[in-house]
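K.L.:
Dropping a structure here in structure tokens format, bear with me for questions.
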Amino acid sequence: HAEDGIRDVERSRGLGDVYKRQDLDYTEHTGADPEKKKSEEWVENFWKASVPKWTVLMHFLTNFDVKIVEDKAEVTCYIACLHVIKGAPGGESLKSYGNFVFKLAKTTNGWKIGYVKVIAKYHEGNVKLMEMV
């Protein structure tokens with residue numbers, strides 16, 4: 001298991017500090033309907049519940065394009081992901097490629113992410129892994 005701070009709930013607790021109430025649109029990646037979550041729900045329902053089920057979970061983000069207009073920003077980037085569950089039926093790994101779109105708002109406590117969208121371009125491997133977490 002990777003010890004990267006994401007699996008460690010105490011160390012990843014600060015993730016909630018960068019999010020405000022947030023629209024999450026993972027429709028293209030998971031098929032789930034877009035939803036709105038508070039930062040606490042994001043940490044409780046995703047990080048605590050899902051992340052420990054992965055043997056390996058890596059997300060590589062690159063080529064950030066940042067557009068800022070006054071107190072709003074939109075950031076797009078490329079993403080490459082590796083998901084592994086050892087011993088999973090149908091194959092242990094899934095590689096996913098695409099883009100992230102983030103929308104941010106500047107607050108008195110710094111920039112806060114209010115919207116995240118995953119734009120899936122390509123999957124390689126066992127796409128059923130996403131249903132196992």
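So you can find residues: chains in the structure tokens are A, B, ... in the order shown, residues in each start at 1, and ligands are numbered from 1 in order.
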Can you tell me which residues surround Lys67 of chain A at a distance of at most 10 Å, considering only C-alpha atoms, apart from same-chain residues fewer than 6 positions away, and format the answer as a list in words?

P.N.:
Ala73, Glu74, Val75, Thr76 and Lys103 of chain A

K.L.:
Applying 8 Å and only C-alpha atoms, which residues near Asn99 of chain A remain after dropping the ones on its own chain fewer than 6 positions away? List them as a PyMOL selection string.

P.N.:
chain A and resi 76-79+118-121

K.L.:
Between atom CA of Ile85 of chain A and atom CA of Lys117 of chain A, what is the spacing in Å?

P.N.:
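These two atoms are separated by 24.1 Å.
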
K.L.:
List the spatial neighbours of Val127 of chain A as a list in words - criterion: any atom at most 12 Å away, only C-alpha atoms, same-chain residues fewer than 5 positions off excluded.

P.N.:
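Residues near the query, excluding close chain neighbours: His29, Thr30, Gly31, Leu82, His83, Val84, Ile85, Ala88, Pro89, Gly90, Gly91, Glu92, Ser93, Leu94, Lys95, Ser96, Tyr122, Met132 and Val133 of chain A.
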
K.L.:
So that I have them on file, write out the residues from the current selection with N, CA and C atoms, as a compact mmCIF listing (two decimals), in the first residue's frame.

P.N.:
# COMPACT_ATOMS: atom_id res chain seq x y z
N HIS A 29 -16.78 9.63 -16.07
CA HIS A 29 -15.85 8.65 -15.51
C HIS A 29 -16.57 7.49 -14.83
N THR A 30 -17.59 7.79 -14.06
CA THR A 30 -18.24 6.75 -13.27
C THR A 30 -19.67 6.46 -13.70
N GLY A 31 -20.27 7.36 -14.48
CA GLY A 31 -21.67 7.19 -14.86
C GLY A 31 -22.63 7.74 -13.82
N LEU A 82 -3.83 5.77 -12.24
CA LEU A 82 -3.60 4.34 -12.09
C LEU A 82 -4.39 3.88 -10.88
N HIS A 83 -5.27 2.90 -11.09
CA HIS A 83 -6.09 2.33 -10.03
C HIS A 83 -5.78 0.84 -9.96
N VAL A 84 -5.47 0.32 -8.78
CA VAL A 84 -5.17 -1.11 -8.63
C VAL A 84 -5.88 -1.65 -7.40
N ILE A 85 -6.53 -2.80 -7.58
CA ILE A 85 -7.05 -3.60 -6.47
C ILE A 85 -6.50 -5.00 -6.67
N ALA A 88 -8.41 -8.50 -7.89
CA ALA A 88 -9.76 -8.19 -8.38
C ALA A 88 -10.11 -9.08 -9.57
N PRO A 89 -11.35 -9.62 -9.57
CA PRO A 89 -11.78 -10.42 -10.73
C PRO A 89 -11.85 -9.55 -11.98
N GLY A 90 -11.40 -10.08 -13.10
CA GLY A 90 -11.43 -9.32 -14.35
C GLY A 90 -10.19 -8.49 -14.60
N GLY A 91 -9.26 -8.52 -13.67
CA GLY A 91 -8.02 -7.75 -13.82
C GLY A 91 -7.83 -6.79 -12.66
N GLU A 92 -6.58 -6.62 -12.28
CA GLU A 92 -6.25 -5.83 -11.08
C GLU A 92 -6.11 -4.34 -11.32
N SER A 93 -5.98 -3.91 -12.59
CA SER A 93 -5.66 -2.49 -12.79
C SER A 93 -6.56 -1.82 -13.82
N LEU A 94 -6.65 -0.51 -13.67
CA LEU A 94 -7.35 0.36 -14.59
C LEU A 94 -6.51 1.62 -14.75
N LYS A 95 -6.19 1.95 -16.00
CA LYS A 95 -5.53 3.22 -16.30
C LYS A 95 -6.56 4.10 -16.97
N SER A 96 -6.64 5.34 -16.54
CA SER A 96 -7.61 6.29 -17.09
C SER A 96 -6.89 7.57 -17.48
N TYR A 122 -10.07 8.10 -22.19
CA TYR A 122 -9.67 6.74 -22.53
C TYR A 122 -9.47 5.93 -21.25
N MET A 132 -16.17 -1.45 -7.51
CA MET A 132 -15.74 -2.21 -6.33
C MET A 132 -15.42 -1.36 -5.13
N VAL A 133 -15.38 -0.05 -5.33
CA VAL A 133 -15.06 0.84 -4.20
C VAL A 133 -16.27 1.57 -3.82

K.L.:
Give me the residues near Lys106 of chain A as a PyMOL selection string, where near means some atom within 12 Å (using only C-alpha atoms) and where sequence neighbours in that chain fewer than 2 positions away do not count.

P.N.:
chain A and resi 18-20+68-74+103-104+108-114

K.L.:
Atoms to include: N, CA and C atoms. Write the selected residues as a PDB file, in the first residue's frame.

P.N.:
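Output below, filename selection_12.pdb:
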ATOM      1  N   VAL A  18      -9.438  23.290   1.175  1.00  0.00           N
ATOM      2  CA  VAL A  18      -9.358  23.898  -0.155  1.00  0.00           C
ATOM      3  C   VAL A  18     -10.690  23.853  -0.900  1.00  0.00           C
ATOM      4  N   TYR A  19     -11.665  23.144  -0.338  1.00  0.00           N
ATOM      5  CA  TYR A  19     -12.965  23.023  -0.983  1.00  0.00           C
ATOM      6  C   TYR A  19     -14.005  23.855  -0.253  1.00  0.00           C
ATOM      7  N   LYS A  20     -14.918  24.447  -1.012  1.00  0.00           N
ATOM      8  CA  LYS A  20     -16.116  24.998  -0.408  1.00  0.00           C
ATOM      9  C   LYS A  20     -17.228  24.034  -0.807  1.00  0.00           C
ATOM     10  N   ILE A  68      -7.885  33.484 -14.845  1.00  0.00           N
ATOM     11  CA  ILE A  68      -8.388  34.207 -13.683  1.00  0.00           C
ATOM     12  C   ILE A  68      -9.075  35.479 -14.150  1.00  0.00           C
ATOM     13  N   VAL A  69     -10.297  35.691 -13.685  1.00  0.00           N
ATOM     14  CA  VAL A  69     -11.033  36.925 -13.934  1.00  0.00           C
ATOM     15  C   VAL A  69     -11.557  37.397 -12.579  1.00  0.00           C
ATOM     16  N   GLU A  70     -10.921  38.462 -12.085  1.00  0.00           N
ATOM     17  CA  GLU A  70     -11.257  39.035 -10.781  1.00  0.00           C
ATOM     18  C   GLU A  70     -11.163  37.977  -9.686  1.00  0.00           C
ATOM     19  N   ASP A  71     -12.292  37.610  -9.049  1.00  0.00           N
ATOM     20  CA  ASP A  71     -12.238  36.659  -7.933  1.00  0.00           C
ATOM     21  C   ASP A  71     -12.696  35.255  -8.332  1.00  0.00           C
ATOM     22  N   LYS A  72     -12.673  34.962  -9.637  1.00  0.00           N
ATOM     23  CA  LYS A  72     -13.058  33.641 -10.148  1.00  0.00           C
ATOM     24  C   LYS A  72     -11.911  33.089 -10.991  1.00  0.00           C
ATOM     25  N   ALA A  73     -11.780  31.778 -11.009  1.00  0.00           N
ATOM     26  CA  ALA A  73     -10.752  31.143 -11.833  1.00  0.00           C
ATOM     27  C   ALA A  73     -11.272  29.826 -12.374  1.00  0.00           C
ATOM     28  N   GLU A  74     -10.794  29.473 -13.553  1.00  0.00           N
ATOM     29  CA  GLU A  74     -11.073  28.153 -14.119  1.00  0.00           C
ATOM     30  C   GLU A  74      -9.733  27.538 -14.487  1.00  0.00           C
ATOM     31  N   LYS A 103     -13.298  24.881 -11.041  1.00  0.00           N
ATOM     32  CA  LYS A 103     -13.699  26.285 -10.940  1.00  0.00           C
ATOM     33  C   LYS A 103     -13.464  26.698  -9.500  1.00  0.00           C
ATOM     34  N   LEU A 104     -12.828  27.851  -9.329  1.00  0.00           N
ATOM     35  CA  LEU A 104     -12.456  28.328  -8.013  1.00  0.00           C
ATOM     36  C   LEU A 104     -13.004  29.720  -7.775  1.00  0.00           C
ATOM     37  N   THR A 108     -11.839  35.220   1.534  1.00  0.00           N
ATOM     38  CA  THR A 108     -10.931  35.860   2.495  1.00  0.00           C
ATOM     39  C   THR A 108      -9.919  34.854   3.035  1.00  0.00           C
ATOM     40  N   ASN A 109     -10.204  33.551   2.878  1.00  0.00           N
ATOM     41  CA  ASN A 109      -9.287  32.497   3.327  1.00  0.00           C
ATOM     42  C   ASN A 109      -8.527  31.857   2.168  1.00  0.00           C
ATOM     43  N   GLY A 110      -8.449  32.552   1.041  1.00  0.00           N
ATOM     44  CA  GLY A 110      -7.721  32.020  -0.114  1.00  0.00           C
ATOM     45  C   GLY A 110      -8.672  31.459  -1.162  1.00  0.00           C
ATOM     46  N   TRP A 111      -8.107  30.856  -2.184  1.00  0.00           N
ATOM     47  CA  TRP A 111      -8.891  30.276  -3.270  1.00  0.00           C
ATOM     48  C   TRP A 111      -9.543  28.980  -2.819  1.00  0.00           C
ATOM     49  N   LYS A 112     -10.815  28.794  -3.171  1.00  0.00           N
ATOM     50  CA  LYS A 112     -11.562  27.587  -2.815  1.00  0.00           C
ATOM     51  C   LYS A 112     -12.121  26.946  -4.079  1.00  0.00           C
ATOM     52  N   ILE A 113     -12.026  25.628  -4.156  1.00  0.00           N
ATOM     53  CA  ILE A 113     -12.556  24.887  -5.298  1.00  0.00           C
ATOM     54  C   ILE A 113     -14.046  24.687  -5.094  1.00  0.00           C
ATOM     55  N   GLY A 114     -14.835  25.106  -6.077  1.00  0.00           N
ATOM     56  CA  GLY A 114     -16.281  24.976  -5.981  1.00  0.00           C
ATOM     57  C   GLY A 114     -16.876  24.036  -7.005  1.00  0.00           C
TER      58      GLY A 114
END

K.L.:
Work out how far atom CA of Tyr115 of chain A is from atom CA of Glu131 of chain A, in Å to one decimal.

P.N.:
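Between atom CA of Glu131 of chain A and atom CA of Tyr115 of chain A the gap is 23.1 Å.
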
K.L.:
Atom CA of Gly87 of chain A and atom CA of Met58 of chain A, how far apart in Å?

P.N.:
18.1 Å
